[in-house]
Each structure stands twice: as C-alpha cells, then as structure tokens.
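Q: protein37.txt (compact mmCIF, C-alpha atoms and all ligand atoms) pasted underneath:
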```txt
# COMPACT_ATOMS: atom_id res chain seq x y z
CA MET A 696 335.34 164.77 103.98
CA LEU A 697 333.66 165.67 100.71
CA LYS A 698 332.21 162.49 99.19
CA LEU A 699 332.20 161.40 95.57
CA GLY A 700 329.24 159.68 94.00
CA VAL A 701 330.06 158.34 90.55
CA ASN A 702 327.26 158.36 88.00
CA ILE A 703 327.67 155.28 85.82
CA ASP A 704 324.88 155.99 83.32
CA HIS A 705 327.32 156.52 80.48
CA VAL A 706 328.80 153.06 80.89
CA ALA A 707 325.31 151.84 80.07
CA THR A 708 325.05 154.37 77.22
CA LEU A 709 328.07 152.73 75.59
CA ARG A 710 326.65 149.24 76.09
CA GLU A 711 323.26 150.21 74.70
CA ALA A 712 324.90 151.71 71.61
CA ARG A 713 325.85 148.15 70.57
CA TYR A 714 323.65 145.76 72.54
CA HIS A 715 320.34 147.59 72.96
CA GLY A 716 317.51 145.15 73.69
CA LEU A 717 319.78 142.14 74.05
CA ASN A 718 319.99 141.97 77.85
CA HIS A 719 323.74 141.47 77.83
CA GLY A 720 326.87 143.11 76.51
CA GLU A 721 329.80 145.27 77.48
CA PRO A 722 330.76 147.43 79.23
CA SER A 723 328.96 146.37 82.37
CA PRO A 724 327.61 149.16 84.61
CA LEU A 725 327.87 146.75 87.55
CA SER A 726 331.58 146.03 86.96
CA ALA A 727 332.16 149.76 86.55
CA ALA A 728 330.33 150.46 89.82
CA LEU A 729 332.39 147.89 91.69
CA LEU A 730 335.61 149.35 90.27
CA CYS A 731 334.52 152.84 91.34
CA GLU A 732 333.85 151.56 94.83
CA SER A 733 337.13 149.70 95.12
CA SER A 734 338.88 152.89 93.94
CA GLY A 735 337.40 154.93 96.77
CA ALA A 736 334.10 156.31 95.45
CA HIS A 737 331.66 156.85 98.29
CA GLY A 738 328.56 156.06 96.30
CA ILE A 739 327.16 154.99 92.95
CA THR A 740 324.50 156.92 91.08
CA ALA A 741 322.33 155.50 88.31
CA HIS A 742 319.38 157.13 86.57
CA LEU A 743 316.59 154.78 85.52
CA ARG A 744 314.99 156.93 82.84
CA GLU A 745 311.46 156.36 81.62
CA ASP A 746 312.80 155.77 78.09
CA ARG A 747 315.46 153.33 79.41
CA ARG A 748 318.03 154.88 77.11
CA HIS A 749 320.96 153.75 79.26
CA ILE A 750 320.38 152.09 82.63
CA GLN A 751 317.92 149.16 82.42
CA ASP A 752 315.75 147.74 85.22
CA GLN A 753 318.05 144.75 85.49
CA ASP A 754 321.02 147.07 86.08
CA MET A 755 319.26 148.64 89.05
CA TRP A 756 318.65 145.23 90.59
CA GLN A 757 322.23 144.10 90.03
CA LEU A 758 323.55 147.33 91.49
CA ARG A 759 321.25 146.99 94.48
CA LYS A 760 322.60 143.51 95.19
CA ARG A 761 326.29 144.39 94.91
CA VAL A 762 326.84 148.06 95.71
CA LYS A 763 328.14 148.21 99.25
CA THR A 764 328.66 151.95 99.65
CA ARG A 765 325.54 153.92 98.85
CA LEU A 766 323.22 153.53 95.90
CA ASN A 767 321.67 156.76 94.67
CA MET A 768 318.83 156.18 92.21
CA GLU A 769 318.03 159.18 90.06
CA MET A 770 314.50 159.21 88.76
CA ALA A 771 311.58 161.27 87.57
CA ASN A 772 308.59 161.49 89.86
CA THR A 773 306.35 159.09 87.93
CA PRO A 774 304.22 156.21 89.29
CA GLU A 775 306.05 153.54 87.25
CA ILE A 776 309.54 154.50 88.35
CA LEU A 777 308.45 155.20 91.92
CA ALA A 778 307.07 151.66 92.18
CA ILE A 779 310.43 150.29 91.02
CA ALA A 780 312.35 152.47 93.50
CA LEU A 781 310.18 151.25 96.36
CA GLN A 782 311.10 147.66 95.44
CA VAL A 783 314.79 148.23 94.69
CA LYS A 784 315.24 150.28 97.86
CA PRO A 785 318.34 152.34 97.10
CA GLU A 786 319.76 154.21 100.09
CA ILE A 787 318.72 157.48 98.47
CA VAL A 788 316.57 158.67 95.58
CA CYS A 789 317.36 161.90 93.77
CA LEU A 790 314.25 163.22 92.05
CA VAL A 791 315.04 164.93 88.75
CA PRO A 792 313.01 166.39 85.89
CA GLU A 793 312.95 164.35 82.70
CA ARG A 794 312.21 165.19 79.10
CA ARG A 795 312.60 162.62 76.38
CA GLN A 796 314.20 165.04 73.93
CA GLU A 797 316.95 166.10 76.29
CA VAL A 798 320.50 164.78 75.93
CA THR A 799 320.95 164.78 79.70
CA THR A 800 319.02 166.23 82.64
CA GLU A 801 318.80 169.87 81.63
CA GLY A 802 317.15 171.96 84.30
CA GLY A 803 316.33 171.50 87.94
CA LEU A 804 313.02 170.31 89.34
CA ASN A 805 310.35 172.93 89.75
CA ALA A 806 309.86 172.12 93.42
CA VAL A 807 307.71 175.24 93.89
CA ALA A 808 305.14 174.20 91.27
CA GLN A 809 305.24 170.48 92.12
CA ARG A 810 305.33 170.89 95.89
CA ALA A 811 302.27 168.74 96.65
CA GLY A 812 303.19 165.82 94.39
CA LEU A 813 306.82 165.83 95.50
CA LYS A 814 305.77 165.81 99.14
CA VAL A 815 303.66 162.69 98.64
CA THR A 816 306.51 160.91 96.84
CA ARG A 817 309.04 162.06 99.44
CA GLN A 818 306.84 160.62 102.18
CA ARG A 819 306.39 157.29 100.40
CA LEU A 820 310.13 156.94 99.87
CA ASN A 821 310.94 157.94 103.46
CA ASP A 822 308.35 155.46 104.75
CA ALA A 823 310.25 152.75 102.85
CA GLY A 824 313.51 153.83 104.54
CA ILE A 825 314.85 155.68 101.48
CA GLU A 826 316.30 159.16 101.85
CA VAL A 827 315.26 161.78 99.32
CA SER A 828 317.15 164.46 97.46
CA LEU A 829 315.72 167.04 95.07
CA PHE A 830 317.80 168.21 92.11
CA ILE A 831 317.21 171.95 91.96
CA THR A 832 318.80 175.12 90.70
CA PRO A 833 320.28 177.35 93.41
CA ASP A 834 317.22 179.61 93.68
CA LEU A 835 315.93 180.59 97.08
CA GLU A 836 312.30 179.78 96.34
CA GLN A 837 313.25 176.28 95.13
CA ILE A 838 315.37 175.70 98.21
CA GLU A 839 312.58 176.84 100.52
CA ALA A 840 310.13 174.57 98.68
CA ALA A 841 312.54 171.63 99.12
CA ALA A 842 312.59 172.30 102.87
CA GLN A 843 308.78 172.48 102.96
CA ILE A 844 308.56 169.23 100.99
CA GLY A 845 310.67 167.70 103.74
CA SER A 846 313.45 166.22 101.63
CA GLN A 847 316.61 165.30 103.50
CA PHE A 848 318.96 166.53 100.74
CA ILE A 849 319.03 168.86 97.83
CA GLU A 850 321.42 168.43 94.94
CA LEU A 851 322.40 171.83 93.62
CA HIS A 852 322.47 171.93 89.82
CA THR A 853 325.98 173.02 88.85
CA GLY A 854 325.21 172.99 85.11
CA ALA A 855 325.04 176.78 84.63
CA PHE A 856 328.33 177.19 86.52
CA ALA A 857 330.00 174.44 84.45
CA GLU A 858 328.65 175.60 81.10
CA ASN A 859 329.88 179.14 81.70
CA PHE A 860 333.21 178.18 83.16
CA ASP A 861 335.18 180.00 80.46
CA ALA A 862 333.12 183.19 80.76
CA ILE A 863 334.70 184.38 83.98
CA SER A 864 332.11 186.97 85.03
CA VAL A 865 329.18 184.58 84.44
CA ARG A 866 331.08 181.80 86.15
CA GLU A 867 331.63 184.02 89.23
CA LYS A 868 327.93 184.92 89.27
CA GLU A 869 326.91 181.25 89.02
CA LEU A 870 329.43 180.24 91.66
CA ASN A 871 328.04 182.89 93.95
CA ARG A 872 324.49 181.60 93.39
CA LEU A 873 325.70 178.15 94.44
CA ILE A 874 327.41 179.58 97.54
CA VAL A 875 324.35 181.57 98.58
CA GLY A 876 322.06 178.62 97.82
CA ALA A 877 324.16 176.18 99.84
CA ARG A 878 324.18 178.54 102.83
CA ALA A 879 320.41 178.99 102.64
CA ALA A 880 319.80 175.25 102.34
CA HIS A 881 322.10 174.51 105.26
CA SER A 882 320.34 177.08 107.43
CA LEU A 883 317.01 175.39 106.61
CA GLY A 884 318.39 172.04 107.78
CA LEU A 885 318.86 170.54 104.31
CA LYS A 886 321.95 168.50 103.48
CA VAL A 887 323.60 169.71 100.29
CA ASN A 888 324.95 167.71 97.38
CA ALA A 889 325.91 169.14 94.00
CA GLY A 890 326.43 167.90 90.50
CA HIS A 891 326.12 168.18 86.74
CA GLY A 892 328.88 169.15 84.37
CA LEU A 893 331.63 168.94 86.98
CA ASN A 894 334.96 167.96 85.49
CA TYR A 895 338.71 167.88 86.06
CA GLU A 896 338.98 171.53 85.03
CA ASN A 897 336.21 173.16 87.04
CA LEU A 898 336.31 171.02 90.17
CA ALA A 899 338.82 173.09 92.15
CA THR A 900 336.62 176.18 91.74
CA VAL A 901 333.42 174.51 92.92
CA LEU A 902 335.12 173.61 96.20
CA ALA A 903 334.38 177.20 97.28
CA VAL A 904 330.73 176.18 97.82
CA PRO A 905 330.19 175.58 101.56
CA HIS A 906 328.33 172.76 103.34
CA LEU A 907 328.73 170.20 100.55
CA VAL A 908 328.25 166.57 101.50
CA GLU A 909 328.70 164.87 98.12
CA LEU A 910 329.46 165.65 94.50
CA ASN A 911 327.81 163.52 91.83
CA ILE A 912 330.01 163.25 88.78
CA GLY A 913 329.46 161.10 85.71
CA HIS A 914 330.38 162.13 82.22
CA SER A 915 333.84 163.51 82.87
CA ILE A 916 334.96 160.50 84.91
CA ILE A 917 333.67 157.98 82.38
CA SER A 918 335.20 160.04 79.54
CA ARG A 919 338.58 160.14 81.24
CA ALA A 920 338.41 156.41 81.86
CA VAL A 921 338.17 155.85 78.09
CA THR A 922 341.46 157.63 77.43
CA THR A 923 343.33 156.53 80.54
CA GLY A 924 342.26 152.93 79.88
CA LEU A 925 342.89 152.83 76.14
CA ALA A 926 346.61 152.00 76.31
CA VAL A 927 345.96 148.89 78.41
CA ALA A 928 343.05 147.84 76.19
CA VAL A 929 345.18 148.03 73.03
CA LYS A 930 348.09 146.18 74.65
CA ASP A 931 345.76 143.41 75.89
CA MET A 932 344.41 142.93 72.36
CA LEU A 933 347.91 142.80 70.87
CA VAL A 934 348.84 140.09 73.37
CA LEU A 935 345.89 138.00 72.13
CA MET A 936 346.94 138.54 68.50
CA ALA A 937 350.62 137.73 69.06
CA PRO A 938 350.31 133.91 68.76
CA TYR A 939 349.08 134.18 65.15
CA ALA A 940 351.31 132.09 62.93
CA GLU A 941 351.74 133.49 59.38
N1 LIG B 1001 323.43 164.86 89.14
C1 LIG B 1001 322.26 164.75 88.46
C2 LIG B 1001 320.98 164.97 89.19
C3 LIG B 1001 322.25 164.40 87.10
O1 LIG B 1001 321.08 164.28 86.45
C4 LIG B 1001 323.47 164.13 86.46
C5 LIG B 1001 323.47 163.73 85.02
O2 LIG B 1001 322.89 162.49 84.88
C6 LIG B 1001 324.66 164.25 87.20
C7 LIG B 1001 324.60 164.64 88.53
C8 LIG B 1001 325.99 163.96 86.61
O3 LIG B 1001 326.26 164.90 85.62
P1 LIG B 1001 327.54 164.73 84.70
O4 LIG B 1001 327.35 163.48 83.92
O5 LIG B 1001 327.52 165.96 83.87
O6 LIG B 1001 328.72 164.65 85.62
```
Show the structure stored in the file as structure tokens.
Ligand code: PXP

A:
Amino acid sequence: MLKLGVNIDHVATLREARYHGLNHGEPSPLSAALLCESSGAHGITAHLREDRRHIQDQDMWQLRKRVKTRLNMEMANTPEILAIALQVKPEIVCLVPERRQEVTTEGGLNAVAQRAGLKVTRQRLNDAGIEVSLFITPDLEQIEAAAQIGSQFIELHTGAFAENFDAISVREKELNRLIVGARAAHSLGLKVNAGHGLNYENLATVLAVPHLVELNIGHSIISRAVTTGLAVAVKDMLVLMAPYAE
C-alpha cells in the first residue's frame, strides 16, 4: 500500500505568524500530527530549518515523544541540525537543500557534488539507527550518486511535475522523468518516496510512477484543512457567544 507522510510544517507557520518567539500558541503542530495519525497517515514529516521559520526545536522533541507511526525529520546537512537529529532520533531523516531566501525547498540536493559530505552524514545517521533519504530531482546522475552514498531512500522531487501540471506536454515530460527515475532507483536497490507540490488535483496522475513507498504531502493537506474545518470553527465560536445577554 502506498503510504502517506503528512508534512506539518505549515501548522507551525501559522502559529509562528502570531506567536513567534513566545514558546506557545496555536495551532499546535503536535496536535495536528496526532490528528493526522489517528486519521490514517502513515508518518509525520517536519522540517527543522536553520532559520527556525516554522518548526522549532521543542516541536521536534514533542513530536518525537508522541508520534507513534514514523517521524521523518527533514533537514539540511549542517553540523548544528545533524547534532539535533542524532539526539532526537527520528525513524528517518530526509536531507534537503536549504536557502534562507526560498519560500519552500526549491530544488533537489546536489548529491553528485556533495557526495563525500553526504556519505559521512548518512553513515553517522545510520550508525544511530536512523534511516536516510535524499531529496533529489529525477536525474540519473543524482540517483546513482544517492546509491553510492548508501542512502536507504530517495525522495523524488515532484515540484517540476506539479508546477507544470496545466501545461500538458511539460507535465507528461516531467511525469516520464519521475517514472524513469523511480525505475532506475529501484534497480539500484533504493527505496523511493516522492513529494513536493502534490495536491488533490495532481495526485491521481502521479500514481503512474512505479515503486513508490510513500508520498510526503504538506501544503495542500493543511490548506484543505483550513477550509474543511472553517464551518465547525465558526459554529463553535457562535456557541460560545450565544449566552451573551443584551
Ligand atoms: N518533501 C520535501 C523534501 C519537502 O521539502 C517538502 C516541502 O517542505 C515536501 C515534501 C512537501 O511539499 P508540499 O508542502 O508542497 O506538499
């Protein structure tokens, strides 16, 4: 069965928009994670960014304590964040590139250029019992580098496919790159996840990619939750206001 990992970063984005630096506030990424799990999600993904723009260190620790499915920590390959990962001990780490100016993770890792450094980090994480995934574009040389680095998983970057979903010929080309990439990765013994930009519209199409273990989806699920949850939220507030005596 294809698994779903829900990325809860944007729950923290909403909290930070109001409560940044205050160590409390709503909505709670932990509560969101537990709701995702009780609704059938197979894993929870959270990205502890160097700039701490959404998920905070404390969130990672709370998630580690309570997530019962599978905690996937996304992170850049930096000494500070690696040290935290080795203490938190998520089931899996997905190494991603990070730039402070970006709105979200934009490209894939350059596993070819960073082969040596990624191999050292992969080994340290594996030695601590943590599986490793590399977030890469579906390019053969990146996939081969991931295999040489010895990571257990790759996560295929579906961003180009998702961004070009309405341009049918580009979409078909990007889908084909994902299909070819997944086959190559599988033949090299890598397990294949995919994610970025997947939503309720493009999901059915991406199911054509073979050998997928898990999809990591964040923004579209959290966005939908805002609208599907709004009716209940308004009704709950009206119930609280009802006792007001004029
Ligand atoms: N996978 C990786 C490696 C990511 O960096 C992200 C974005 O944080 C996602 C999946 C989820 O992307 P989206 O929020 O577009 O679903």

Q: Using all atoms listed in the file, what are the residues with an atom within 8 Å of ligand LIG 1001 (chain B), set out as a ChimeraX atom specification?

A: /A:701-702,704-705,741-742,769,789-791,799-801,830,850,852,854,889-894,910-916

Q: Do a neighbour search on Ala727 (chain A) at 12 Å with only C-alpha atoms, toss out local chain neighbours closer than 2 positions, and write the hits as a ChimeraX atom specification.

A: /A:701-707,710,721-725,729-734,736,739-741,754,757-758,761-762,913,916-917,920

Q: Convert the current residue selection to file output with C-alpha atoms, as a PDB file, keeping the file's coordinate frame.

A:
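Written out: selection21.pdb:
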```pdb
ATOM      1  CA  VAL A 701     330.060 158.340  90.550  1.00  0.00           C
ATOM      2  CA  ASN A 702     327.260 158.360  88.000  1.00  0.00           C
ATOM      3  CA  ILE A 703     327.670 155.280  85.820  1.00  0.00           C
ATOM      4  CA  ASP A 704     324.880 155.990  83.320  1.00  0.00           C
ATOM      5  CA  HIS A 705     327.320 156.520  80.480  1.00  0.00           C
ATOM      6  CA  VAL A 706     328.800 153.060  80.890  1.00  0.00           C
ATOM      7  CA  ALA A 707     325.310 151.840  80.070  1.00  0.00           C
ATOM      8  CA  ARG A 710     326.650 149.240  76.090  1.00  0.00           C
ATOM      9  CA  GLU A 721     329.800 145.270  77.480  1.00  0.00           C
ATOM     10  CA  PRO A 722     330.760 147.430  79.230  1.00  0.00           C
ATOM     11  CA  SER A 723     328.960 146.370  82.370  1.00  0.00           C
ATOM     12  CA  PRO A 724     327.610 149.160  84.610  1.00  0.00           C
ATOM     13  CA  LEU A 725     327.870 146.750  87.550  1.00  0.00           C
ATOM     14  CA  LEU A 729     332.390 147.890  91.690  1.00  0.00           C
ATOM     15  CA  LEU A 730     335.610 149.350  90.270  1.00  0.00           C
ATOM     16  CA  CYS A 731     334.520 152.840  91.340  1.00  0.00           C
ATOM     17  CA  GLU A 732     333.850 151.560  94.830  1.00  0.00           C
ATOM     18  CA  SER A 733     337.130 149.700  95.120  1.00  0.00           C
ATOM     19  CA  SER A 734     338.880 152.890  93.940  1.00  0.00           C
ATOM     20  CA  ALA A 736     334.100 156.310  95.450  1.00  0.00           C
ATOM     21  CA  ILE A 739     327.160 154.990  92.950  1.00  0.00           C
ATOM     22  CA  THR A 740     324.500 156.920  91.080  1.00  0.00           C
ATOM     23  CA  ALA A 741     322.330 155.500  88.310  1.00  0.00           C
ATOM     24  CA  ASP A 754     321.020 147.070  86.080  1.00  0.00           C
ATOM     25  CA  GLN A 757     322.230 144.100  90.030  1.00  0.00           C
ATOM     26  CA  LEU A 758     323.550 147.330  91.490  1.00  0.00           C
ATOM     27  CA  ARG A 761     326.290 144.390  94.910  1.00  0.00           C
ATOM     28  CA  VAL A 762     326.840 148.060  95.710  1.00  0.00           C
ATOM     29  CA  GLY A 913     329.460 161.100  85.710  1.00  0.00           C
ATOM     30  CA  ILE A 916     334.960 160.500  84.910  1.00  0.00           C
ATOM     31  CA  ILE A 917     333.670 157.980  82.380  1.00  0.00           C
ATOM     32  CA  ALA A 920     338.410 156.410  81.860  1.00  0.00           C
TER      33      ALA A 920
END
```

Q: What lies within 12 Å of Thr816 (chain A) using all atoms listed in the file, ignoring chain neighbours under 2 positions off, as a PyMOL selection string?

A: chain A and resi 770-774+776-778+780-781+788-790+809-814+818-823+825-829+844-846

Q: Could you jot down the CA of Leu935 (chain A) to CA of Leu717 (chain A) separation for me, Å, one decimal place?

A: 26.5 Å

Q: Which value, in Å to one decimal, gives the distance between CA of Gly802 (chain A) and CA of Leu885 (chain A)?

A: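 Pair CA of Gly802 (chain A) / CA of Leu885 (chain A) returns 20.1 Å.
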
Q: Restricting the calculation to only C-alpha atoms: of A:Leu699, A:Leu851, A:Ile750, A:Met755, which residue gets closest to Gly738 (chain A)?

A: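 Checking each of A:Leu699, A:Leu851, A:Ile750, A:Met755 against Gly738 (chain A), counting only C-alpha atoms, the winner is A:Leu699.
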
Q: Return the padded bounding box of region 748-765 of chain A as AutoDock Vina command-line options: axis-aligned, built from all atoms listed in the file, 5 Å added on each side, with centre and edge lengths in Å to one decimal.

A:
```
--center_x 322.2 --center_y 149.2 --center_z 88.4 --size_x 22.9 --size_y 21.4 --size_z 32.5
```

Q: Taking the block just given, write region 845-861 of chain A to a file that holds N, CA and C atoms, as a short mmCIF file (atom, residue, chain, number, x, y, z; two decimals), in the first residue's frame.

A:
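decode.cif, freshly written:
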```
data_model
loop_
_atom_site.label_atom_id
_atom_site.label_comp_id
_atom_site.auth_asym_id
_atom_site.auth_seq_id
_atom_site.Cartn_x
_atom_site.Cartn_y
_atom_site.Cartn_z
N GLY A 845 24.92 5.55 -0.35
CA GLY A 845 24.43 4.47 0.52
C GLY A 845 23.15 4.79 1.25
N SER A 846 22.41 5.80 0.77
CA SER A 846 21.16 6.11 1.46
C SER A 846 20.14 4.99 1.22
N GLN A 847 19.24 4.82 2.16
CA GLN A 847 18.25 3.75 2.04
C GLN A 847 17.14 4.17 1.08
N PHE A 848 16.79 5.48 1.12
CA PHE A 848 15.68 6.01 0.33
C PHE A 848 16.17 7.18 -0.52
N ILE A 849 15.43 7.43 -1.59
CA ILE A 849 15.46 8.77 -2.17
C ILE A 849 14.03 9.29 -2.11
N GLU A 850 13.90 10.61 -2.07
CA GLU A 850 12.59 11.21 -2.26
C GLU A 850 12.65 11.98 -3.57
N LEU A 851 11.89 11.54 -4.54
CA LEU A 851 11.90 12.20 -5.84
C LEU A 851 11.16 13.52 -5.74
N HIS A 852 11.78 14.58 -6.22
CA HIS A 852 11.22 15.92 -6.19
C HIS A 852 10.14 16.02 -7.27
N THR A 853 8.89 16.17 -6.85
CA THR A 853 7.79 16.22 -7.81
C THR A 853 7.41 17.66 -8.16
N GLY A 854 8.24 18.62 -7.73
CA GLY A 854 7.90 20.03 -7.92
C GLY A 854 7.73 20.42 -9.38
N ALA A 855 8.63 19.98 -10.25
CA ALA A 855 8.54 20.39 -11.66
C ALA A 855 7.29 19.80 -12.31
N PHE A 856 6.96 18.57 -11.92
CA PHE A 856 5.73 17.94 -12.40
C PHE A 856 4.52 18.75 -11.92
N ALA A 857 4.50 19.09 -10.63
CA ALA A 857 3.34 19.78 -10.06
C ALA A 857 3.19 21.19 -10.63
N GLU A 858 4.33 21.89 -10.74
CA GLU A 858 4.26 23.27 -11.23
C GLU A 858 3.78 23.36 -12.67
N ASN A 859 4.05 22.32 -13.43
CA ASN A 859 3.69 22.33 -14.86
C ASN A 859 2.45 21.48 -15.14
N PHE A 860 1.67 21.27 -14.12
CA PHE A 860 0.55 20.34 -14.28
C PHE A 860 -0.43 20.79 -15.37
N ASP A 861 -0.60 22.10 -15.51
CA ASP A 861 -1.56 22.58 -16.52
C ASP A 861 -0.98 22.65 -17.93
#
```
